[in-house]
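The data block below is target-v8.cif; it holds mmCIF, N, CA and C atoms.
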data_target
#
loop_
_atom_site.label_atom_id
_atom_site.label_comp_id
_atom_site.auth_asym_id
_atom_site.auth_seq_id
_atom_site.Cartn_x
_atom_site.Cartn_y
_atom_site.Cartn_z
N MET S 248 4.57 5.77 -0.27
CA MET S 248 4.20 4.73 0.65
C MET S 248 5.27 3.66 0.64
N LYS S 249 5.47 3.04 1.79
CA LYS S 249 6.48 2.01 1.92
C LYS S 249 5.86 0.78 2.55
N ALA S 250 6.34 -0.38 2.16
CA ALA S 250 5.93 -1.62 2.83
C ALA S 250 7.10 -2.08 3.67
N LYS S 251 6.86 -2.42 4.91
CA LYS S 251 7.90 -2.92 5.79
C LYS S 251 7.60 -4.37 6.11
N ASN S 252 8.46 -5.25 5.73
CA ASN S 252 8.34 -6.67 6.01
C ASN S 252 6.90 -7.16 5.99
N VAL S 253 6.31 -7.43 7.14
CA VAL S 253 4.98 -8.03 7.19
C VAL S 253 3.88 -6.98 7.16
N CYS S 254 4.01 -5.92 7.92
CA CYS S 254 2.94 -4.92 8.02
C CYS S 254 3.32 -3.66 7.25
N PRO S 255 2.49 -3.24 6.30
CA PRO S 255 2.81 -1.99 5.61
C PRO S 255 2.56 -0.81 6.54
N ARG S 256 3.40 0.17 6.48
CA ARG S 256 3.22 1.40 7.25
C ARG S 256 2.99 2.50 6.22
N LEU S 257 1.84 3.12 6.28
CA LEU S 257 1.47 4.09 5.26
C LEU S 257 1.63 5.50 5.76
N ARG S 258 2.07 6.36 4.88
CA ARG S 258 2.12 7.78 5.16
C ARG S 258 1.47 8.47 3.98
N HIS S 259 0.54 9.35 4.29
CA HIS S 259 -0.15 10.04 3.22
C HIS S 259 -0.15 11.52 3.55
N ALA S 260 0.38 12.33 2.66
CA ALA S 260 0.53 13.75 2.94
C ALA S 260 -0.55 14.56 2.24
N LEU S 261 -0.88 15.68 2.84
CA LEU S 261 -1.82 16.60 2.22
C LEU S 261 -1.53 18.00 2.71
N VAL S 262 -2.01 18.97 1.95
CA VAL S 262 -1.83 20.38 2.30
C VAL S 262 -3.17 21.07 2.16
N ALA S 263 -3.50 21.92 3.13
CA ALA S 263 -4.73 22.70 3.08
C ALA S 263 -4.36 24.16 3.27
N ALA S 264 -4.90 25.00 2.45
CA ALA S 264 -4.67 26.44 2.58
C ALA S 264 -6.02 27.14 2.53
N GLY S 265 -6.79 26.96 3.58
CA GLY S 265 -8.08 27.62 3.66
C GLY S 265 -9.19 26.88 2.95
N ALA S 266 -8.97 25.67 2.51
CA ALA S 266 -10.00 24.90 1.81
C ALA S 266 -10.13 23.53 2.44
N ALA S 267 -11.32 22.97 2.35
CA ALA S 267 -11.53 21.63 2.89
C ALA S 267 -10.77 20.62 2.03
N VAL S 268 -10.13 19.68 2.70
CA VAL S 268 -9.34 18.67 2.01
C VAL S 268 -9.62 17.32 2.65
N VAL S 269 -9.89 16.32 1.84
CA VAL S 269 -10.04 14.95 2.33
C VAL S 269 -9.22 14.06 1.41
N MET S 270 -8.44 13.19 2.02
CA MET S 270 -7.62 12.27 1.25
C MET S 270 -7.93 10.85 1.69
N THR S 271 -7.86 9.92 0.76
CA THR S 271 -7.99 8.51 1.08
C THR S 271 -6.65 7.86 0.79
N ALA S 272 -6.14 7.14 1.76
CA ALA S 272 -4.86 6.45 1.59
C ALA S 272 -5.11 5.08 1.01
N VAL S 273 -4.48 4.81 -0.12
CA VAL S 273 -4.56 3.51 -0.77
C VAL S 273 -3.15 3.15 -1.23
N PRO S 274 -2.88 1.88 -1.48
CA PRO S 274 -1.54 1.50 -1.91
C PRO S 274 -1.18 2.14 -3.25
N ALA S 275 0.04 2.65 -3.35
CA ALA S 275 0.50 3.27 -4.59
C ALA S 275 1.40 2.34 -5.37
N HIS S 276 1.93 1.35 -4.73
CA HIS S 276 2.87 0.45 -5.36
C HIS S 276 2.20 -0.92 -5.53
N PRO S 277 2.35 -1.58 -6.69
CA PRO S 277 1.71 -2.87 -6.91
C PRO S 277 2.04 -3.92 -5.84
N ALA S 278 3.26 -3.89 -5.30
CA ALA S 278 3.63 -4.87 -4.28
C ALA S 278 2.80 -4.68 -3.02
N GLU S 279 2.40 -3.44 -2.72
CA GLU S 279 1.59 -3.17 -1.53
C GLU S 279 0.15 -3.64 -1.73
N ALA S 280 -0.30 -3.75 -2.96
CA ALA S 280 -1.67 -4.16 -3.22
C ALA S 280 -1.92 -5.59 -2.75
N ALA S 281 -0.86 -6.37 -2.59
CA ALA S 281 -1.01 -7.74 -2.12
C ALA S 281 -1.39 -7.77 -0.64
N TYR S 282 -1.08 -6.71 0.10
CA TYR S 282 -1.46 -6.62 1.51
C TYR S 282 -2.93 -6.20 1.60
N ASP S 283 -3.57 -6.59 2.68
CA ASP S 283 -4.94 -6.15 2.96
C ASP S 283 -4.82 -4.80 3.65
N VAL S 284 -4.69 -3.73 2.88
CA VAL S 284 -4.44 -2.40 3.41
C VAL S 284 -5.75 -1.73 3.81
N PRO S 285 -5.85 -1.23 5.04
CA PRO S 285 -7.06 -0.54 5.47
C PRO S 285 -7.25 0.76 4.70
N SER S 286 -8.46 1.27 4.72
CA SER S 286 -8.77 2.53 4.06
C SER S 286 -9.02 3.60 5.11
N VAL S 287 -8.24 4.67 5.06
CA VAL S 287 -8.34 5.75 6.03
C VAL S 287 -8.50 7.07 5.29
N GLU S 288 -9.48 7.87 5.69
CA GLU S 288 -9.64 9.22 5.14
C GLU S 288 -9.20 10.21 6.21
N PHE S 289 -8.34 11.15 5.80
CA PHE S 289 -7.74 12.13 6.71
C PHE S 289 -7.80 13.48 6.02
N GLY S 290 -8.27 14.50 6.72
CA GLY S 290 -8.35 15.79 6.07
C GLY S 290 -8.56 16.94 7.04
N TYR S 291 -8.68 18.12 6.46
CA TYR S 291 -8.87 19.36 7.20
C TYR S 291 -10.09 20.10 6.68
N ARG S 292 -10.78 20.78 7.56
CA ARG S 292 -11.85 21.68 7.15
C ARG S 292 -11.21 23.01 6.79
N PRO S 293 -11.97 23.92 6.16
CA PRO S 293 -11.39 25.24 5.85
C PRO S 293 -10.86 25.91 7.12
N LEU S 294 -9.71 26.54 7.01
CA LEU S 294 -9.12 27.23 8.15
C LEU S 294 -10.05 28.34 8.62
N GLN S 295 -10.13 28.53 9.93
CA GLN S 295 -10.98 29.56 10.51
C GLN S 295 -10.10 30.61 11.18
N PHE S 296 -10.21 31.85 10.71
CA PHE S 296 -9.43 32.95 11.28
C PHE S 296 -10.31 33.76 12.20
N SER S 297 -9.77 34.18 13.34
CA SER S 297 -10.54 35.01 14.27
C SER S 297 -10.79 36.37 13.62
N GLU S 298 -11.84 37.05 14.08
CA GLU S 298 -12.18 38.35 13.49
C GLU S 298 -11.05 39.35 13.62
N ASP S 299 -10.32 39.30 14.73
CA ASP S 299 -9.21 40.25 14.90
C ASP S 299 -7.95 39.80 14.18
N GLY S 300 -7.99 38.63 13.57
CA GLY S 300 -6.84 38.12 12.82
C GLY S 300 -5.73 37.59 13.70
N GLY S 301 -5.95 37.44 15.00
CA GLY S 301 -4.90 37.02 15.92
C GLY S 301 -4.75 35.52 16.09
N ARG S 302 -5.73 34.74 15.56
CA ARG S 302 -5.67 33.29 15.71
C ARG S 302 -6.22 32.59 14.47
N VAL S 303 -5.71 31.41 14.24
CA VAL S 303 -6.25 30.55 13.19
C VAL S 303 -6.55 29.20 13.83
N THR S 304 -7.72 28.65 13.51
CA THR S 304 -8.13 27.35 14.04
C THR S 304 -8.11 26.33 12.91
N VAL S 305 -7.43 25.24 13.15
CA VAL S 305 -7.35 24.12 12.22
C VAL S 305 -8.23 23.01 12.79
N ILE S 306 -9.17 22.52 11.99
CA ILE S 306 -10.02 21.40 12.39
C ILE S 306 -9.66 20.21 11.53
N TRP S 307 -9.19 19.15 12.16
CA TRP S 307 -8.79 17.94 11.42
C TRP S 307 -9.75 16.81 11.74
N HIS S 308 -9.79 15.84 10.83
CA HIS S 308 -10.63 14.66 11.04
C HIS S 308 -10.01 13.47 10.32
N VAL S 309 -10.25 12.30 10.90
CA VAL S 309 -9.76 11.06 10.30
C VAL S 309 -10.83 10.00 10.52
N GLU S 310 -11.04 9.16 9.50
CA GLU S 310 -12.05 8.10 9.59
C GLU S 310 -11.49 6.82 9.00
N ASN S 311 -11.76 5.72 9.67
CA ASN S 311 -11.42 4.40 9.15
C ASN S 311 -12.61 3.97 8.28
N THR S 312 -12.48 4.09 6.98
CA THR S 312 -13.55 3.74 6.05
C THR S 312 -13.46 2.29 5.60
N GLY S 313 -12.50 1.56 6.16
CA GLY S 313 -12.32 0.16 5.81
C GLY S 313 -13.21 -0.75 6.64
N ASP S 314 -12.97 -2.04 6.49
CA ASP S 314 -13.78 -3.03 7.19
C ASP S 314 -13.01 -3.76 8.29
N ARG S 315 -11.85 -3.22 8.67
CA ARG S 315 -11.08 -3.80 9.76
C ARG S 315 -10.37 -2.69 10.54
N PRO S 316 -9.95 -2.97 11.78
CA PRO S 316 -9.32 -1.93 12.59
C PRO S 316 -7.98 -1.45 12.01
N VAL S 317 -7.64 -0.23 12.36
CA VAL S 317 -6.33 0.35 12.07
C VAL S 317 -5.64 0.47 13.42
N HIS S 318 -4.38 0.06 13.52
CA HIS S 318 -3.66 0.06 14.79
C HIS S 318 -2.56 1.11 14.80
N ASP S 319 -2.35 1.68 15.97
CA ASP S 319 -1.26 2.64 16.20
C ASP S 319 -1.31 3.81 15.22
N LEU S 320 -2.49 4.36 14.99
CA LEU S 320 -2.66 5.50 14.09
C LEU S 320 -2.06 6.75 14.72
N VAL S 321 -1.20 7.42 13.97
CA VAL S 321 -0.57 8.67 14.41
C VAL S 321 -0.73 9.69 13.29
N LEU S 322 -1.22 10.88 13.65
CA LEU S 322 -1.32 11.98 12.70
C LEU S 322 -0.25 13.00 13.04
N THR S 323 0.39 13.54 12.03
CA THR S 323 1.40 14.57 12.22
C THR S 323 0.99 15.77 11.37
N HIS S 324 0.89 16.94 12.01
CA HIS S 324 0.46 18.17 11.34
C HIS S 324 1.59 19.18 11.38
N ARG S 325 1.68 20.00 10.34
CA ARG S 325 2.63 21.11 10.30
C ARG S 325 1.90 22.35 9.81
N ILE S 326 2.21 23.48 10.43
CA ILE S 326 1.62 24.77 10.04
C ILE S 326 2.76 25.63 9.51
N LYS S 327 2.56 26.19 8.32
CA LYS S 327 3.55 27.06 7.68
C LYS S 327 2.91 28.40 7.38
N PRO S 328 3.53 29.50 7.71
CA PRO S 328 4.79 29.56 8.43
C PRO S 328 4.60 29.02 9.85
N GLU S 329 5.69 28.65 10.47
CA GLU S 329 5.60 28.11 11.82
C GLU S 329 5.06 29.19 12.75
N LEU S 330 3.95 28.90 13.39
CA LEU S 330 3.27 29.85 14.27
C LEU S 330 3.23 29.29 15.69
N PRO S 331 3.18 30.17 16.70
CA PRO S 331 3.04 29.68 18.07
C PRO S 331 1.70 28.97 18.24
N VAL S 332 1.72 27.77 18.80
CA VAL S 332 0.49 27.00 19.01
C VAL S 332 -0.08 27.39 20.37
N ALA S 333 -1.34 27.84 20.36
CA ALA S 333 -2.01 28.26 21.60
C ALA S 333 -2.72 27.10 22.28
N ALA S 334 -3.27 26.16 21.50
CA ALA S 334 -4.03 25.05 22.09
C ALA S 334 -4.12 23.91 21.09
N VAL S 335 -4.16 22.69 21.62
CA VAL S 335 -4.39 21.49 20.80
C VAL S 335 -5.36 20.59 21.56
N ALA S 336 -6.18 19.86 20.81
CA ALA S 336 -7.12 18.91 21.42
C ALA S 336 -6.37 17.62 21.75
N PRO S 337 -6.68 17.01 22.91
CA PRO S 337 -6.07 15.71 23.22
C PRO S 337 -6.46 14.68 22.17
N PRO S 338 -5.60 13.78 21.81
CA PRO S 338 -4.35 13.40 22.45
C PRO S 338 -3.13 14.08 21.83
N CYS S 339 -3.34 15.18 21.14
CA CYS S 339 -2.26 15.85 20.41
C CYS S 339 -1.32 16.61 21.34
N ALA S 340 -0.09 16.78 20.87
CA ALA S 340 0.91 17.56 21.60
C ALA S 340 1.89 18.16 20.60
N ARG S 341 2.40 19.32 20.93
CA ARG S 341 3.40 19.99 20.09
C ARG S 341 4.74 19.28 20.28
N GLN S 342 5.40 18.95 19.17
CA GLN S 342 6.73 18.33 19.21
C GLN S 342 7.58 19.01 18.17
N ALA S 343 8.55 19.79 18.62
CA ALA S 343 9.44 20.54 17.73
C ALA S 343 8.61 21.40 16.77
N SER S 344 8.72 21.17 15.47
CA SER S 344 8.01 22.01 14.49
C SER S 344 6.71 21.39 14.00
N SER S 345 6.18 20.40 14.72
CA SER S 345 4.94 19.77 14.30
C SER S 345 4.03 19.50 15.50
N ILE S 346 2.80 19.11 15.19
CA ILE S 346 1.84 18.69 16.20
C ILE S 346 1.57 17.22 15.94
N VAL S 347 1.80 16.37 16.92
CA VAL S 347 1.66 14.93 16.77
C VAL S 347 0.46 14.46 17.57
N CYS S 348 -0.40 13.67 16.92
CA CYS S 348 -1.63 13.16 17.54
C CYS S 348 -1.61 11.64 17.52
N PRO S 349 -1.22 11.00 18.62
CA PRO S 349 -1.24 9.54 18.68
C PRO S 349 -2.67 9.04 18.94
N VAL S 350 -3.43 8.85 17.88
CA VAL S 350 -4.83 8.45 17.97
C VAL S 350 -4.97 7.05 18.54
N GLY S 351 -4.07 6.15 18.20
CA GLY S 351 -4.14 4.77 18.67
C GLY S 351 -4.92 3.91 17.69
N ASP S 352 -5.76 3.02 18.22
CA ASP S 352 -6.54 2.13 17.37
C ASP S 352 -7.83 2.80 16.93
N LEU S 353 -8.22 2.56 15.70
CA LEU S 353 -9.46 3.11 15.15
C LEU S 353 -10.22 1.94 14.51
N GLU S 354 -11.37 1.63 15.07
CA GLU S 354 -12.18 0.52 14.57
C GLU S 354 -12.78 0.85 13.20
N ALA S 355 -13.19 -0.15 12.47
CA ALA S 355 -13.85 0.06 11.17
C ALA S 355 -15.05 0.96 11.37
N GLY S 356 -15.14 2.01 10.55
CA GLY S 356 -16.25 2.96 10.62
C GLY S 356 -16.09 4.05 11.66
N GLU S 357 -15.12 3.93 12.52
CA GLU S 357 -14.92 4.93 13.58
C GLU S 357 -14.23 6.17 13.02
N HIS S 358 -14.57 7.33 13.59
CA HIS S 358 -13.91 8.57 13.18
C HIS S 358 -13.63 9.42 14.41
N VAL S 359 -12.58 10.20 14.32
CA VAL S 359 -12.21 11.14 15.38
C VAL S 359 -11.78 12.44 14.72
N GLY S 360 -11.74 13.47 15.51
CA GLY S 360 -11.30 14.77 15.02
C GLY S 360 -10.80 15.62 16.16
N GLY S 361 -10.26 16.75 15.82
CA GLY S 361 -9.74 17.65 16.84
C GLY S 361 -9.42 19.00 16.26
N THR S 362 -8.90 19.85 17.12
CA THR S 362 -8.56 21.22 16.69
C THR S 362 -7.14 21.57 17.12
N ILE S 363 -6.59 22.50 16.39
CA ILE S 363 -5.31 23.11 16.71
C ILE S 363 -5.54 24.61 16.57
N VAL S 364 -5.17 25.38 17.58
CA VAL S 364 -5.30 26.83 17.51
C VAL S 364 -3.90 27.42 17.56
N ALA S 365 -3.60 28.25 16.56
CA ALA S 365 -2.29 28.90 16.49
C ALA S 365 -2.47 30.41 16.50
N LYS S 366 -1.49 31.10 17.06
CA LYS S 366 -1.51 32.57 17.10
C LYS S 366 -0.91 33.11 15.80
N THR S 367 -1.57 34.11 15.25
CA THR S 367 -1.04 34.76 14.05
C THR S 367 -0.68 36.20 14.41
N PRO S 368 0.50 36.64 14.05
CA PRO S 368 0.91 38.01 14.38
C PRO S 368 -0.01 39.02 13.69
N ALA S 369 -0.43 40.03 14.43
CA ALA S 369 -1.30 41.07 13.89
C ALA S 369 -0.59 41.80 12.75
N GLY S 370 -1.32 42.04 11.69
CA GLY S 370 -0.79 42.79 10.56
C GLY S 370 0.19 42.03 9.70
N ARG S 371 0.36 40.75 9.92
CA ARG S 371 1.31 39.97 9.12
C ARG S 371 0.63 39.52 7.83
N PRO S 372 1.14 39.94 6.69
CA PRO S 372 0.56 39.51 5.42
C PRO S 372 0.97 38.08 5.09
N GLY S 373 0.24 37.47 4.17
CA GLY S 373 0.61 36.14 3.71
C GLY S 373 -0.44 35.12 4.04
N SER S 374 -0.15 33.88 3.67
CA SER S 374 -1.11 32.80 3.87
C SER S 374 -0.62 31.85 4.95
N VAL S 375 -1.54 31.02 5.42
CA VAL S 375 -1.22 29.96 6.37
C VAL S 375 -1.54 28.65 5.69
N GLU S 376 -0.61 27.72 5.72
CA GLU S 376 -0.81 26.40 5.13
C GLU S 376 -0.68 25.34 6.20
N VAL S 377 -1.52 24.32 6.08
CA VAL S 377 -1.47 23.19 7.00
C VAL S 377 -1.20 21.95 6.15
N SER S 378 -0.26 21.15 6.58
CA SER S 378 0.00 19.89 5.90
C SER S 378 0.08 18.80 6.96
N GLY S 379 -0.10 17.59 6.53
CA GLY S 379 -0.03 16.51 7.50
C GLY S 379 0.02 15.16 6.84
N TYR S 380 0.27 14.16 7.67
CA TYR S 380 0.23 12.79 7.17
C TYR S 380 -0.24 11.87 8.29
N ALA S 381 -0.74 10.73 7.88
CA ALA S 381 -1.19 9.69 8.80
C ALA S 381 -0.31 8.47 8.61
N SER S 382 0.04 7.83 9.71
CA SER S 382 0.77 6.56 9.62
C SER S 382 0.13 5.58 10.58
N TRP S 383 0.17 4.32 10.25
CA TRP S 383 -0.42 3.26 11.08
C TRP S 383 0.17 1.93 10.67
N ARG S 384 -0.22 0.92 11.43
CA ARG S 384 0.20 -0.44 11.07
C ARG S 384 -1.02 -1.31 11.05
#

Turn this file's structure into C-alpha cells for me.
Amino acid sequence: MKAKNVCPRLRHALVAAGAAVVMTAVPAHPAEAAYDVPSVEFGYRPLQFSEDGGRVTVIWHVENTGDRPVHDLVLTHRIKPELPVAAVAPPCARQASSIVCPVGDLEAGEHVGGTIVAKTPAGRPGSVEVSGYASWR
C-alpha cells in the first residue's frame, strides 16, 4: 500500500483458484494509519466451470464496510493462464491482459458485484487462477 500526498490510494491483491476469497483492505504502514482509511472488502466466489469444460465463470464482489464513501473505486482482475474473455458485466471492460471495472463511488454499506466469463480450451489440463486488486481515493 502507498500513501500519496493527501489522499491514500490503496491497492490490495488477492488470488482465487476455485475457492471463495474475501479480503479487507486496511493500512499496512504506520504512516497510513494516520489517515481515515475506508474499509473495503473485495473477493471472488468459487470459480464455476461449465459441464462441458468450455467456460469458466468468475463472480466478484466488493463492499464498502466503512462508515464513509469510497471514491473512484476501480477493480482490476487477471485470469491465468490468459484465456479469451467471452463476457463481462458492466461497467467492466477487457484491457490488454486484464479486466478493469471502474465502479466509481461506493457509499458506506453499499456493495456491488459482477461476472466475468472466459473460454477454456477443451481438453486443456491445468488450473485457472484469478487475481485482482482494488484501488480508490

Quiz prompt | Residues matched by the PyMOL selection byres (((chain S and resi 287 and name CA) around 8) and name CA) as number ranges by chain | solution = S: 271-272, 285-286, 288-289, 309-313

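When all atoms listed in the file are used to compute distances to Ala355 of chain S, the closest of the residues S:Pro316, S:Ser297, S:Gly290, S:Glu376 turns out to be S:Pro316.
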
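Atom C of Gly300 of chain S to atom CA of Gly360 of chain S spans 23.5 Å [interatomic distance, one decimal].
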
Quiz item: Given the choices S:Thr304, S:Ser382, S:Thr362, S:Gln295, which gets closest to Leu322 of chain S if the distance is worked out from only C-alpha atoms?
Solution: S:Ser382

Quiz item: What does the PyMOL selection byres ((chain S and resi 321) around 8) select in this file, as a PyMOL selection string?
Solution: chain S and resi 318-320+322-324+347-352+380-384

Exercise. Have a look at atom CA of Ser378 of chain S and atom N of Trp307 of chain S and let me know their distance in Å, one decimal.
Key: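 If I compute the distance from atom CA of Ser378 of chain S to atom N of Trp307 of chain S, I get 11.1 Å.
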
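Distances from S:Val377, S:Gly361, S:Thr367, S:Pro293 to Pro337 of chain S were compared using all atoms listed in the file, and the smallest one belongs to S:Gly361.
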
Exercise. Would you mind telling me which residue in S:Arg292, S:Val359, S:Gly379, S:Pro368 lies nearest to Arg325 of chain S when using only C-alpha atoms?
Key: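 Answer, going by the shortest atom-to-atom distance: S:Gly379.
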
Self-check item: Length of the atom C of Asp314 of chain S to atom CA of Glu354 of chain S vector [Å]
Solution: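 Going from atom C of Asp314 of chain S over to atom CA of Glu354 of chain S covers 7.6 Å.
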
Just the residues within 5 Å of Lys366 of chain S, please, counting all atoms listed in the file, with nothing from its chain fewer than 2 positions along; format it as a short mmCIF file (atom, residue, chain, number, x, y, z; two decimals) with N, CA and C atoms, in the frame of the given file.
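Wrote part-v2.cif, looks like this:
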data_model
loop_
_atom_site.label_atom_id
_atom_site.label_comp_id
_atom_site.auth_asym_id
_atom_site.auth_seq_id
_atom_site.Cartn_x
_atom_site.Cartn_y
_atom_site.Cartn_z
N GLY S 301 -5.95 37.44 15.00
CA GLY S 301 -4.90 37.02 15.92
C GLY S 301 -4.75 35.52 16.09
N ARG S 302 -5.73 34.74 15.56
CA ARG S 302 -5.67 33.29 15.71
C ARG S 302 -6.22 32.59 14.47
N PRO S 331 3.18 30.17 16.70
CA PRO S 331 3.04 29.68 18.07
C PRO S 331 1.70 28.97 18.24
N VAL S 332 1.72 27.77 18.80
CA VAL S 332 0.49 27.00 19.01
C VAL S 332 -0.08 27.39 20.37
N ALA S 333 -1.34 27.84 20.36
CA ALA S 333 -2.01 28.26 21.60
C ALA S 333 -2.72 27.10 22.28
N VAL S 364 -5.17 25.38 17.58
CA VAL S 364 -5.30 26.83 17.51
C VAL S 364 -3.90 27.42 17.56
N PRO S 368 0.50 36.64 14.05
CA PRO S 368 0.91 38.01 14.38
C PRO S 368 -0.01 39.02 13.69
#
